[in-house]
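Containing compact mmCIF, C-alpha atoms: run.txt.
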# COMPACT_ATOMS: atom_id res chain seq x y z
CA MET A 59 51.02 26.87 19.46
CA LEU A 60 48.92 29.94 18.57
CA VAL A 61 50.31 32.83 16.54
CA ILE A 62 48.09 35.81 15.71
CA GLU A 63 49.73 38.44 13.52
CA HIS A 64 48.19 41.84 12.71
CA LEU A 65 44.62 40.52 12.94
CA THR A 66 42.06 43.05 11.73
CA LYS A 67 38.29 42.65 11.46
CA THR A 68 35.87 45.42 10.51
CA PHE A 69 32.09 45.54 10.78
CA GLY A 70 30.91 48.48 8.69
CA GLU A 71 32.77 51.54 9.98
CA LYS A 72 33.79 49.86 13.24
CA LYS A 73 37.09 48.04 13.67
CA ALA A 74 36.16 45.22 16.03
CA VAL A 75 39.78 44.00 16.08
CA ASP A 76 42.56 46.40 15.10
CA ASP A 77 46.03 45.06 14.16
CA LEU A 78 46.19 42.53 17.01
CA THR A 79 49.34 40.44 17.43
CA LEU A 80 49.63 37.74 20.11
CA ARG A 81 51.51 34.49 20.68
CA ILE A 82 50.69 31.63 23.03
CA ALA A 83 53.16 28.78 23.53
CA PRO A 84 52.47 25.14 24.45
CA GLY A 85 51.89 24.82 28.18
CA GLU A 86 50.49 28.35 28.57
CA ILE A 87 47.10 29.52 29.77
CA CYS A 88 46.38 33.00 28.40
CA GLY A 89 43.51 35.07 29.75
CA PHE A 90 41.83 37.55 27.40
CA ILE A 91 40.48 40.57 29.28
CA GLY A 92 38.28 43.44 28.16
CA HIS A 93 34.85 45.02 28.48
CA ASN A 94 31.86 43.82 26.43
CA GLY A 95 32.36 44.83 22.81
CA ALA A 96 36.14 45.14 23.16
CA GLY A 97 36.80 42.50 20.49
CA LYS A 98 37.36 39.34 22.54
CA THR A 99 34.70 37.13 20.95
CA THR A 100 35.53 38.36 17.44
CA THR A 101 39.15 37.40 18.00
CA LEU A 102 38.27 33.96 19.35
CA LYS A 103 35.86 33.28 16.47
CA SER A 104 38.53 34.33 13.98
CA VAL A 105 40.99 31.85 15.47
CA VAL A 106 38.37 29.10 15.37
CA GLY A 107 37.60 29.84 11.74
CA ILE A 108 33.91 30.71 12.07
CA GLN A 109 34.53 34.45 11.61
CA LYS A 110 36.29 35.66 8.48
CA PHE A 111 38.81 38.42 9.06
CA ASP A 112 39.95 41.24 6.80
CA ALA A 113 43.70 41.24 7.32
CA GLY A 114 46.45 39.42 9.18
CA GLU A 115 47.35 35.80 9.74
CA ILE A 116 46.45 33.18 12.33
CA ARG A 117 48.39 29.94 12.71
CA VAL A 118 47.76 27.02 15.05
CA ASP A 119 50.69 24.63 15.48
CA GLY A 120 52.10 25.98 12.23
CA LYS A 121 48.86 25.58 10.23
CA SER A 122 47.17 28.62 8.69
CA VAL A 123 43.50 29.26 9.49
CA ARG A 124 43.07 30.67 5.98
CA GLU A 125 45.00 28.03 4.03
CA ASP A 126 44.31 24.88 6.05
CA PRO A 127 41.04 25.42 7.97
CA LEU A 128 40.26 21.72 8.38
CA GLY A 129 43.77 20.99 9.59
CA VAL A 130 43.38 23.73 12.21
CA LYS A 131 39.94 22.54 13.31
CA ALA A 132 41.32 19.04 13.90
CA GLU A 133 43.69 20.44 16.52
CA ILE A 134 41.46 22.91 18.35
CA ALA A 135 38.30 22.94 20.42
CA TYR A 136 36.01 25.92 21.05
CA ILE A 137 33.55 26.50 23.87
CA PRO A 138 31.38 29.59 23.22
CA ASP A 139 29.87 31.66 26.02
CA ASN A 140 26.45 30.13 25.36
CA PRO A 141 26.89 26.58 24.01
CA ASP A 142 24.40 25.96 21.20
CA LEU A 143 23.89 22.21 21.48
CA TYR A 144 21.40 19.93 19.71
CA ASP A 145 18.55 19.78 22.21
CA PHE A 146 16.85 16.84 20.49
CA MET A 147 19.88 14.62 21.18
CA THR A 148 20.70 12.87 24.40
CA GLY A 149 23.92 13.83 26.15
CA ILE A 150 25.65 10.59 25.18
CA GLY A 151 24.28 10.85 21.64
CA TYR A 152 25.83 14.29 21.28
CA LEU A 153 29.21 13.17 22.62
CA ASN A 154 29.27 10.21 20.24
CA PHE A 155 28.29 12.55 17.39
CA VAL A 156 31.30 14.79 18.16
CA ALA A 157 33.56 11.74 18.53
CA ASP A 158 32.39 10.46 15.13
CA ILE A 159 33.27 13.79 13.49
CA PHE A 160 36.84 13.56 14.80
CA GLY A 161 37.14 9.83 14.08
CA ILE A 162 37.74 8.82 17.70
CA ALA A 163 37.88 5.04 18.19
CA PRO A 164 35.04 3.53 20.31
CA GLU A 165 37.30 2.34 23.13
CA VAL A 166 39.10 5.71 23.33
CA ARG A 167 35.92 7.77 23.36
CA SER A 168 34.32 5.54 25.99
CA GLU A 169 37.29 6.00 28.28
CA ARG A 170 37.36 9.78 27.83
CA ILE A 171 33.60 10.20 28.21
CA LYS A 172 33.62 8.18 31.42
CA LYS A 173 36.58 10.13 32.80
CA TYR A 174 35.11 13.59 32.23
CA ALA A 175 31.43 12.77 32.81
CA ASP A 176 32.26 11.11 36.14
CA ALA A 177 34.39 14.10 37.13
CA PHE A 178 31.56 16.54 36.37
CA GLU A 179 28.95 14.22 37.94
CA LEU A 180 27.05 14.13 34.65
CA THR A 181 27.17 10.39 33.91
CA SER A 182 23.68 9.65 35.23
CA ASP A 183 22.21 12.40 33.01
CA LEU A 184 23.83 11.41 29.71
CA ALA A 185 20.85 9.31 28.66
CA GLN A 186 18.50 12.29 29.02
CA PRO A 187 17.67 14.74 26.19
CA ILE A 188 19.81 17.86 26.21
CA SER A 189 16.56 19.87 26.20
CA THR A 190 16.11 18.86 29.85
CA TYR A 191 19.58 20.12 30.87
CA SER A 192 20.17 23.27 32.90
CA HIS A 193 22.60 25.88 31.58
CA GLY A 194 25.30 24.54 33.88
CA MET A 195 24.77 20.97 32.66
CA LYS A 196 25.00 22.13 29.04
CA GLN A 197 28.23 23.93 29.88
CA LYS A 198 29.67 20.73 31.38
CA LEU A 199 28.60 18.74 28.31
CA ALA A 200 30.25 21.34 26.05
CA VAL A 201 33.51 21.01 28.01
CA ILE A 202 33.45 17.21 27.71
CA SER A 203 32.73 17.42 23.97
CA ALA A 204 35.65 19.83 23.56
CA LEU A 205 38.10 17.48 25.26
CA ILE A 206 36.94 14.25 23.65
CA HIS A 207 39.37 14.47 20.67
CA ALA A 208 42.34 15.61 22.81
CA PRO A 209 42.91 18.97 21.06
CA LYS A 210 46.20 20.85 21.20
CA LEU A 211 44.58 24.28 21.61
CA LEU A 212 41.47 25.01 23.68
CA LEU A 213 39.59 28.27 23.13
CA MET A 214 36.88 29.33 25.55
CA ASP A 215 34.60 32.36 25.80
CA GLU A 216 33.61 33.02 29.44
CA PRO A 217 33.84 29.31 30.36
CA PHE A 218 32.91 29.71 34.04
CA VAL A 219 29.53 31.36 33.47
CA GLY A 220 26.75 29.06 34.68
CA LEU A 221 29.03 26.62 36.49
CA ASP A 222 28.61 26.00 40.20
CA PRO A 223 31.66 26.50 42.46
CA LYS A 224 32.55 22.80 42.46
CA ALA A 225 32.40 22.53 38.67
CA SER A 226 34.36 25.78 38.30
CA HIS A 227 37.10 24.45 40.57
CA LEU A 228 37.22 21.21 38.58
CA LEU A 229 37.44 23.08 35.27
CA LYS A 230 40.37 25.14 36.56
CA GLN A 231 42.15 21.91 37.52
CA MET A 232 41.45 20.42 34.09
CA MET A 233 42.75 23.54 32.37
CA ARG A 234 46.02 23.37 34.30
CA GLU A 235 46.42 19.64 33.64
CA PHE A 236 45.66 20.18 29.94
CA CYS A 237 48.48 22.72 29.63
CA ASP A 238 50.88 20.77 31.83
CA ALA A 239 50.46 17.95 29.28
CA GLY A 240 51.57 20.27 26.46
CA GLY A 241 48.34 21.91 25.37
CA ALA A 242 47.59 25.64 25.27
CA ILE A 243 44.50 27.60 26.33
CA PHE A 244 43.22 31.00 25.20
CA PHE A 245 40.10 32.12 27.05
CA SER A 246 38.14 35.28 27.74
CA THR A 247 36.84 36.10 31.19
CA HIS A 248 35.40 38.95 33.23
CA VAL A 249 36.43 37.25 36.46
CA LEU A 250 39.78 38.92 37.03
CA GLU A 251 40.52 37.02 40.23
CA VAL A 252 40.30 33.73 38.33
CA ALA A 253 42.56 35.02 35.57
CA GLU A 254 45.12 36.29 38.08
CA LYS A 255 45.38 32.93 39.85
CA LEU A 256 45.12 30.66 36.83
CA CYS A 257 46.84 32.33 33.89
CA ASP A 258 50.48 32.27 32.82
CA LYS A 259 49.88 35.13 30.39
CA VAL A 260 47.26 37.83 30.02
CA ALA A 261 46.17 40.05 27.13
CA ILE A 262 44.06 43.17 27.65
CA ILE A 263 42.03 44.51 24.72
CA LYS A 264 40.22 47.84 24.45
CA GLY A 265 38.28 49.10 21.45
CA GLY A 266 39.70 46.31 19.32
CA LYS A 267 43.32 47.18 20.16
CA LEU A 268 45.61 45.07 22.31
CA ILE A 269 46.79 47.56 24.94
CA ARG A 270 48.82 45.26 27.20
CA SER A 271 50.05 41.66 27.02
CA GLY A 272 52.74 39.50 28.59
CA THR A 273 53.25 37.16 31.49
CA MET A 274 51.03 37.73 34.49
CA GLU A 275 54.01 39.11 36.41
CA GLU A 276 54.92 41.52 33.60
CA VAL A 277 51.40 42.87 33.24
CA ARG A 278 50.49 42.94 36.92
CA GLY A 279 53.78 44.17 38.34
CA ASP A 280 53.47 44.99 42.03
CA SER A 281 49.76 45.73 41.71
CA SER A 282 46.72 43.51 41.12
CA LEU A 283 45.32 42.57 37.73
CA GLU A 284 42.10 44.39 38.63
CA SER A 285 44.00 47.61 39.38
CA VAL A 286 45.97 47.40 36.13
CA PHE A 287 42.82 46.66 34.11
CA LEU A 288 40.85 49.56 35.62
CA GLU A 289 43.77 51.93 35.12
CA LEU A 290 44.16 50.96 31.46
CA GLU A 291 40.42 51.21 30.84
CA GLU A 292 40.22 54.82 32.04
Could you rewrite the structure in this file as structure tokens?
Amino acid sequence: MLVIEHLTKTFGEKKAVDDLTLRIAPGEICGFIGHNGAGKTTTLKSVVGIQKFDAGEIRVDGKSVREDPLGVKAEIAYIPDNPDLYDFMTGIGYLNFVADIFGIAPEVRSERIKKYADAFELTSDLAQPISTYSHGMKQKLAVISALIHAPKLLLMDEPFVGLDPKASHLLKQMMREFCDAGGAIFFSTHVLEVAEKLCDKVAIIKGGKLIRSGTMEEVRGDSSLESVFLELEE
């Protein structure tokens, strides 16, 4: 589903991402672990196509981010760590705006909006301006907008920040169901306990370099993910 080969991105003298290679198959949830500034967000933005990269190749379902950016964008969804939504719109207005961009039929979008908004208990707030939403409500709206076109690959940067425990639990369930249906997820997180319980694969990045990746069992071994991460970060 996602193939990253020798990805390199430099800002001035600093290599934010240094020759990173990673593969994520359909059905897999891959957690991306690393300290602030390690290169996680730069990698995610490169996959999404909003950050140009200097070298390497990124393909989503066989399509090149460089050569077919629109084709890639049609099959992915991205939730940044701080969703930048249009505050002047209502919640439902924003969701319909996103659905229009992806050409989602009215009956299909209505069904999906109802399903996810009801699950997140956001239905009664959809008529309100986004400017009145809390951070957690904006995060829920961003998740719904990401799922509305049924993407094949979901990319998320710290998706659990700002969510209450109930919403976090629901999002974890949705992530698992999404991948069980054939999708793939690549997400960054600082919450190692969540990654350990939820992920099929894990990738650890330090100073722009991928220092460990594989299945959770391969990376963790007989230890905990936290122990492995702290040991590698020393």
Set the distance at 9 Å and use all atoms listed in the file: which residues neighbour A:Ala225 once local chain neighbours fewer than 6 positions away are removed? I'd like the list as a VMD selection string. chain A and resid 177 to 178 194 198 218
Of the candidates A:Glu216, A:Asp238, A:Glu251, A:Glu289, which shows the shortest atom-to-atom distance to A:Pro141, using all atoms listed in the file?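 Among the listed residues, A:Glu216 lies closest to A:Pro141.
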Name all residues at most 10 Å from A:His207 (count only C-alpha atoms; drop same-chain ones fewer than 5 positions away) and give them as a PyMOL selection string. chain A and resi 132-135+156-163+166-167+170+202
Spatial neighbours of A:Gly151, max dist 9 Å, all atoms listed in the file, sep filter under 5 positions, as a short mmCIF file (atom, residue, chain, number, x, y, z; two decimals) with C-alpha atoms, keeping the file's coordinate frame:
data_model
loop_
_atom_site.label_atom_id
_atom_site.label_comp_id
_atom_site.auth_asym_id
_atom_site.auth_seq_id
_atom_site.Cartn_x
_atom_site.Cartn_y
_atom_site.Cartn_z
CA VAL A 156 31.30 14.79 18.16
CA LEU A 184 23.83 11.41 29.71
CA ALA A 185 20.85 9.31 28.66
CA PRO A 187 17.67 14.74 26.19
#
I'd like the neighbourhood of A:Thr99 as a ChimeraX atom specification, where a residue qualifies if any of its atoms comes within 12 Å (using all atoms listed in the file), though same-chain residues fewer than 4 positions away should be ignored. /A:67,74-75,90-95,103-106,108-109,136-140,213-216,244-247,263,266
Leaving out A:His227 and any residue of its chain fewer than 3 positions from it, which residues lie within 12 Å of it when counting all atoms listed in the file, given as a list in words? Ala177, Phe178, Pro217, Phe218, Leu221, Asp222, Pro223, Lys224, Lys230, Gln231, Met232, Met233, Arg234, Val252, Lys255 and Leu256 of chain A
Of the candidates A:Leu290, A:Leu143, A:Ile188, A:Val118, which one gets nearest to A:Lys267 if we count all atoms listed in the file?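 Nearest candidate to A:Lys267 out of A:Leu290, A:Leu143, A:Ile188, A:Val118: A:Leu290.
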When distances are computed from only C-alpha atoms, which of A:Phe69, A:Met147, A:Gly89, A:Thr181 shows the smallest separation from A:Val277?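 Ranked by minimum distance to A:Val277, first place goes to A:Gly89.
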Shortest interatomic distance to A:Ser182 - which of A:Leu78, A:Ala96, A:Asp258, A:Gly149, counting all atoms listed in the file: A:Gly149
What does the structure give for the distance between atom CA of A:Ile269 and atom CA of A:Asp126, in Å to one decimal?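 Between atom CA of A:Ile269 and atom CA of A:Asp126 the gap works out to 29.6 Å.
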Looking at all atoms listed in the file, which of A:Gly240, A:Gly265, A:Pro127, A:Gly220 is the one that sits closest to A:His193?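 Of A:Gly240, A:Gly265, A:Pro127, A:Gly220, the one nearest A:His193, counting all atoms listed in the file, is A:Gly220.
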Rank nothing, just name the residue among A:Glu71, A:Asp119, A:Asp77, A:Glu165 nearest to A:Pro209, using only C-alpha atoms.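 Once distances to A:Pro209 are computed over only C-alpha atoms, the minimum belongs to A:Asp119.
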Tell me, in Å to one decimal, how far atom CA of A:Val219 is from atom CA of A:His248.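 Separation of atom CA of A:Val219 and atom CA of A:His248: 9.6 Å.
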For stretch 85-135 of chain A of the structure just presented, write N, CA and C atoms to a file, as a PDB file, in the first residue's frame.
ATOM      1  N   GLY A  85      -3.931  -3.692   5.354  1.00  0.00           N
ATOM      2  CA  GLY A  85      -4.307  -4.383   6.582  1.00  0.00           C
ATOM      3  C   GLY A  85      -3.420  -4.073   7.768  1.00  0.00           C
ATOM      4  N   GLU A  86      -2.330  -3.294   7.544  1.00  0.00           N
ATOM      5  CA  GLU A  86      -1.379  -3.021   8.622  1.00  0.00           C
ATOM      6  C   GLU A  86      -1.542  -1.635   9.220  1.00  0.00           C
ATOM      7  N   ILE A  87      -1.401  -1.571  10.544  1.00  0.00           N
ATOM      8  CA  ILE A  87      -1.289  -0.306  11.267  1.00  0.00           C
ATOM      9  C   ILE A  87       0.170  -0.171  11.671  1.00  0.00           C
ATOM     10  N   CYS A  88       0.820   0.888  11.213  1.00  0.00           N
ATOM     11  CA  CYS A  88       2.232   1.116  11.523  1.00  0.00           C
ATOM     12  C   CYS A  88       2.385   2.374  12.360  1.00  0.00           C
ATOM     13  N   GLY A  89       2.951   2.215  13.545  1.00  0.00           N
ATOM     14  CA  GLY A  89       3.224   3.353  14.411  1.00  0.00           C
ATOM     15  C   GLY A  89       4.601   3.931  14.126  1.00  0.00           C
ATOM     16  N   PHE A  90       4.681   5.254  14.119  1.00  0.00           N
ATOM     17  CA  PHE A  90       5.918   5.976  13.813  1.00  0.00           C
ATOM     18  C   PHE A  90       6.358   6.669  15.093  1.00  0.00           C
ATOM     19  N   ILE A  91       7.503   6.234  15.638  1.00  0.00           N
ATOM     20  CA  ILE A  91       7.932   6.666  16.960  1.00  0.00           C
ATOM     21  C   ILE A  91       9.223   7.467  16.873  1.00  0.00           C
ATOM     22  N   GLY A  92       9.304   8.519  17.688  1.00  0.00           N
ATOM     23  CA  GLY A  92      10.530   9.312  17.744  1.00  0.00           C
ATOM     24  C   GLY A  92      10.296  10.594  18.511  1.00  0.00           C
ATOM     25  N   HIS A  93      11.372  11.177  19.032  1.00  0.00           N
ATOM     26  CA  HIS A  93      11.255  12.432  19.766  1.00  0.00           C
ATOM     27  C   HIS A  93      10.838  13.567  18.838  1.00  0.00           C
ATOM     28  N   ASN A  94      10.444  14.717  19.413  1.00  0.00           N
ATOM     29  CA  ASN A  94      10.151  15.903  18.617  1.00  0.00           C
ATOM     30  C   ASN A  94      11.380  16.275  17.793  1.00  0.00           C
ATOM     31  N   GLY A  95      11.153  16.569  16.511  1.00  0.00           N
ATOM     32  CA  GLY A  95      12.253  16.943  15.637  1.00  0.00           C
ATOM     33  C   GLY A  95      12.987  15.773  15.025  1.00  0.00           C
ATOM     34  N   ALA A  96      12.490  14.550  15.251  1.00  0.00           N
ATOM     35  CA  ALA A  96      13.173  13.365  14.726  1.00  0.00           C
ATOM     36  C   ALA A  96      12.959  13.173  13.229  1.00  0.00           C
ATOM     37  N   GLY A  97      11.889  13.766  12.686  1.00  0.00           N
ATOM     38  CA  GLY A  97      11.600  13.641  11.260  1.00  0.00           C
ATOM     39  C   GLY A  97      10.255  13.014  10.947  1.00  0.00           C
ATOM     40  N   LYS A  98       9.440  12.788  11.970  1.00  0.00           N
ATOM     41  CA  LYS A  98       8.151  12.114  11.760  1.00  0.00           C
ATOM     42  C   LYS A  98       7.211  12.950  10.896  1.00  0.00           C
ATOM     43  N   THR A  99       6.986  14.188  11.280  1.00  0.00           N
ATOM     44  CA  THR A  99       6.037  15.033  10.553  1.00  0.00           C
ATOM     45  C   THR A  99       6.523  15.314   9.138  1.00  0.00           C
ATOM     46  N   THR A 100       7.826  15.517   8.968  1.00  0.00           N
ATOM     47  CA  THR A 100       8.373  15.740   7.629  1.00  0.00           C
ATOM     48  C   THR A 100       8.117  14.540   6.731  1.00  0.00           C
ATOM     49  N   THR A 101       8.279  13.350   7.287  1.00  0.00           N
ATOM     50  CA  THR A 101       8.010  12.134   6.510  1.00  0.00           C
ATOM     51  C   THR A 101       6.551  12.047   6.118  1.00  0.00           C
ATOM     52  N   LEU A 102       5.657  12.262   7.080  1.00  0.00           N
ATOM     53  CA  LEU A 102       4.220  12.190   6.812  1.00  0.00           C
ATOM     54  C   LEU A 102       3.813  13.216   5.755  1.00  0.00           C
ATOM     55  N   LYS A 103       4.310  14.436   5.877  1.00  0.00           N
ATOM     56  CA  LYS A 103       3.963  15.484   4.912  1.00  0.00           C
ATOM     57  C   LYS A 103       4.520  15.172   3.525  1.00  0.00           C
ATOM     58  N   SER A 104       5.631  14.487   3.472  1.00  0.00           N
ATOM     59  CA  SER A 104       6.190  14.088   2.177  1.00  0.00           C
ATOM     60  C   SER A 104       5.303  13.048   1.510  1.00  0.00           C
ATOM     61  N   VAL A 105       4.799  12.107   2.298  1.00  0.00           N
ATOM     62  CA  VAL A 105       3.899  11.086   1.757  1.00  0.00           C
ATOM     63  C   VAL A 105       2.615  11.731   1.247  1.00  0.00           C
ATOM     64  N   VAL A 106       2.104  12.693   2.001  1.00  0.00           N
ATOM     65  CA  VAL A 106       0.850  13.350   1.636  1.00  0.00           C
ATOM     66  C   VAL A 106       1.013  14.212   0.392  1.00  0.00           C
ATOM     67  N   GLY A 107       2.229  14.712   0.175  1.00  0.00           N
ATOM     68  CA  GLY A 107       2.462  15.539  -0.998  1.00  0.00           C
ATOM     69  C   GLY A 107       2.451  17.022  -0.725  1.00  0.00           C
ATOM     70  N   ILE A 108       2.454  17.422   0.556  1.00  0.00           N
ATOM     71  CA  ILE A 108       2.472  18.848   0.885  1.00  0.00           C
ATOM     72  C   ILE A 108       3.869  19.306   1.296  1.00  0.00           C
ATOM     73  N   GLN A 109       4.825  18.384   1.277  1.00  0.00           N
ATOM     74  CA  GLN A 109       6.222  18.699   1.557  1.00  0.00           C
ATOM     75  C   GLN A 109       7.090  18.085   0.459  1.00  0.00           C
ATOM     76  N   LYS A 110       7.723  18.921  -0.339  1.00  0.00           N
ATOM     77  CA  LYS A 110       8.608  18.402  -1.375  1.00  0.00           C
ATOM     78  C   LYS A 110       9.835  17.770  -0.726  1.00  0.00           C
ATOM     79  N   PHE A 111      10.330  16.699  -1.347  1.00  0.00           N
ATOM     80  CA  PHE A 111      11.512  16.043  -0.807  1.00  0.00           C
ATOM     81  C   PHE A 111      12.631  16.052  -1.834  1.00  0.00           C
ATOM     82  N   ASP A 112      13.858  15.892  -1.360  1.00  0.00           N
ATOM     83  CA  ASP A 112      15.033  16.077  -2.203  1.00  0.00           C
ATOM     84  C   ASP A 112      15.412  14.834  -2.998  1.00  0.00           C
ATOM     85  N   ALA A 113      15.206  13.668  -2.394  1.00  0.00           N
ATOM     86  CA  ALA A 113      15.602  12.430  -3.068  1.00  0.00           C
ATOM     87  C   ALA A 113      14.722  11.290  -2.589  1.00  0.00           C
ATOM     88  N   GLY A 114      14.671  10.224  -3.391  1.00  0.00           N
ATOM     89  CA  GLY A 114      13.888   9.056  -3.030  1.00  0.00           C
ATOM     90  C   GLY A 114      12.581   8.975  -3.801  1.00  0.00           C
ATOM     91  N   GLU A 115      11.785   8.015  -3.444  1.00  0.00           N
ATOM     92  CA  GLU A 115      10.507   7.782  -4.107  1.00  0.00           C
ATOM     93  C   GLU A 115       9.470   7.351  -3.083  1.00  0.00           C
ATOM     94  N   ILE A 116       8.247   7.808  -3.282  1.00  0.00           N
ATOM     95  CA  ILE A 116       7.123   7.409  -2.442  1.00  0.00           C
ATOM     96  C   ILE A 116       5.990   6.971  -3.354  1.00  0.00           C
ATOM     97  N   ARG A 117       5.460   5.775  -3.115  1.00  0.00           N
ATOM     98  CA  ARG A 117       4.346   5.268  -3.902  1.00  0.00           C
ATOM     99  C   ARG A 117       3.224   4.819  -2.978  1.00  0.00           C
ATOM    100  N   VAL A 118       2.009   5.151  -3.375  1.00  0.00           N
ATOM    101  CA  VAL A 118       0.806   4.734  -2.649  1.00  0.00           C
ATOM    102  C   VAL A 118      -0.037   3.904  -3.610  1.00  0.00           C
ATOM    103  N   ASP A 119      -0.232   2.641  -3.275  1.00  0.00           N
ATOM    104  CA  ASP A 119      -0.995   1.725  -4.124  1.00  0.00           C
ATOM    105  C   ASP A 119      -0.467   1.737  -5.551  1.00  0.00           C
ATOM    106  N   GLY A 120       0.849   1.827  -5.675  1.00  0.00           N
ATOM    107  CA  GLY A 120       1.495   1.807  -6.983  1.00  0.00           C
ATOM    108  C   GLY A 120       1.651   3.147  -7.658  1.00  0.00           C
ATOM    109  N   LYS A 121       1.018   4.200  -7.119  1.00  0.00           N
ATOM    110  CA  LYS A 121       1.082   5.533  -7.725  1.00  0.00           C
ATOM    111  C   LYS A 121       2.194   6.357  -7.082  1.00  0.00           C
ATOM    112  N   SER A 122       2.944   7.077  -7.904  1.00  0.00           N
ATOM    113  CA  SER A 122       4.052   7.893  -7.429  1.00  0.00           C
ATOM    114  C   SER A 122       3.568   9.257  -6.937  1.00  0.00           C
ATOM    115  N   VAL A 123       4.049   9.663  -5.754  1.00  0.00           N
ATOM    116  CA  VAL A 123       3.707  10.982  -5.221  1.00  0.00           C
ATOM    117  C   VAL A 123       4.244  12.079  -6.130  1.00  0.00           C
ATOM    118  N   ARG A 124       5.391  11.853  -6.734  1.00  0.00           N
ATOM    119  CA  ARG A 124       5.975  12.851  -7.646  1.00  0.00           C
ATOM    120  C   ARG A 124       5.235  12.913  -8.981  1.00  0.00           C
ATOM    121  N   GLU A 125       4.967  11.741  -9.566  1.00  0.00           N
ATOM    122  CA  GLU A 125       4.446  11.686 -10.930  1.00  0.00           C
ATOM    123  C   GLU A 125       2.930  11.754 -11.019  1.00  0.00           C
ATOM    124  N   ASP A 126       2.233  11.330  -9.988  1.00  0.00           N
ATOM    125  CA  ASP A 126       0.766  11.314 -10.010  1.00  0.00           C
ATOM    126  C   ASP A 126       0.209  11.813  -8.675  1.00  0.00           C
ATOM    127  N   PRO A 127       0.501  13.069  -8.317  1.00  0.00           N
ATOM    128  CA  PRO A 127       0.087  13.584  -7.011  1.00  0.00           C
ATOM    129  C   PRO A 127      -1.427  13.579  -6.787  1.00  0.00           C
ATOM    130  N   LEU A 128      -2.205  13.895  -7.814  1.00  0.00           N
ATOM    131  CA  LEU A 128      -3.651  13.895  -7.655  1.00  0.00           C
ATOM    132  C   LEU A 128      -4.197  12.486  -7.488  1.00  0.00           C
ATOM    133  N   GLY A 129      -3.605  11.540  -8.214  1.00  0.00           N
ATOM    134  CA  GLY A 129      -4.009  10.151  -8.075  1.00  0.00           C
ATOM    135  C   GLY A 129      -3.751   9.636  -6.671  1.00  0.00           C
ATOM    136  N   VAL A 130      -2.620  10.037  -6.093  1.00  0.00           N
ATOM    137  CA  VAL A 130      -2.293   9.651  -4.716  1.00  0.00           C
ATOM    138  C   VAL A 130      -3.263  10.295  -3.732  1.00  0.00           C
ATOM    139  N   LYS A 131      -3.515  11.581  -3.902  1.00  0.00           N
ATOM    140  CA  LYS A 131      -4.390  12.303  -2.965  1.00  0.00           C
ATOM    141  C   LYS A 131      -5.806  11.739  -2.955  1.00  0.00           C
ATOM    142  N   ALA A 132      -6.233  11.162  -4.077  1.00  0.00           N
ATOM    143  CA  ALA A 132      -7.573  10.573  -4.136  1.00  0.00           C
ATOM    144  C   ALA A 132      -7.692   9.326  -3.275  1.00  0.00           C
ATOM    145  N   GLU A 133      -6.549   8.728  -2.931  1.00  0.00           N
ATOM    146  CA  GLU A 133      -6.571   7.458  -2.207  1.00  0.00           C
ATOM    147  C   GLU A 133      -6.067   7.561  -0.766  1.00  0.00           C
ATOM    148  N   ILE A 134      -5.735   8.781  -0.339  1.00  0.00           N
ATOM    149  CA  ILE A 134      -5.225   8.943   1.023  1.00  0.00           C
ATOM    150  C   ILE A 134      -6.049   9.968   1.791  1.00  0.00           C
ATOM    151  N   ALA A 135      -5.852   9.974   3.097  1.00  0.00           N
ATOM    152  CA  ALA A 135      -6.404  11.019   3.949  1.00  0.00           C
ATOM    153  C   ALA A 135      -5.355  11.335   5.001  1.00  0.00           C
TER     154      ALA A 135
END
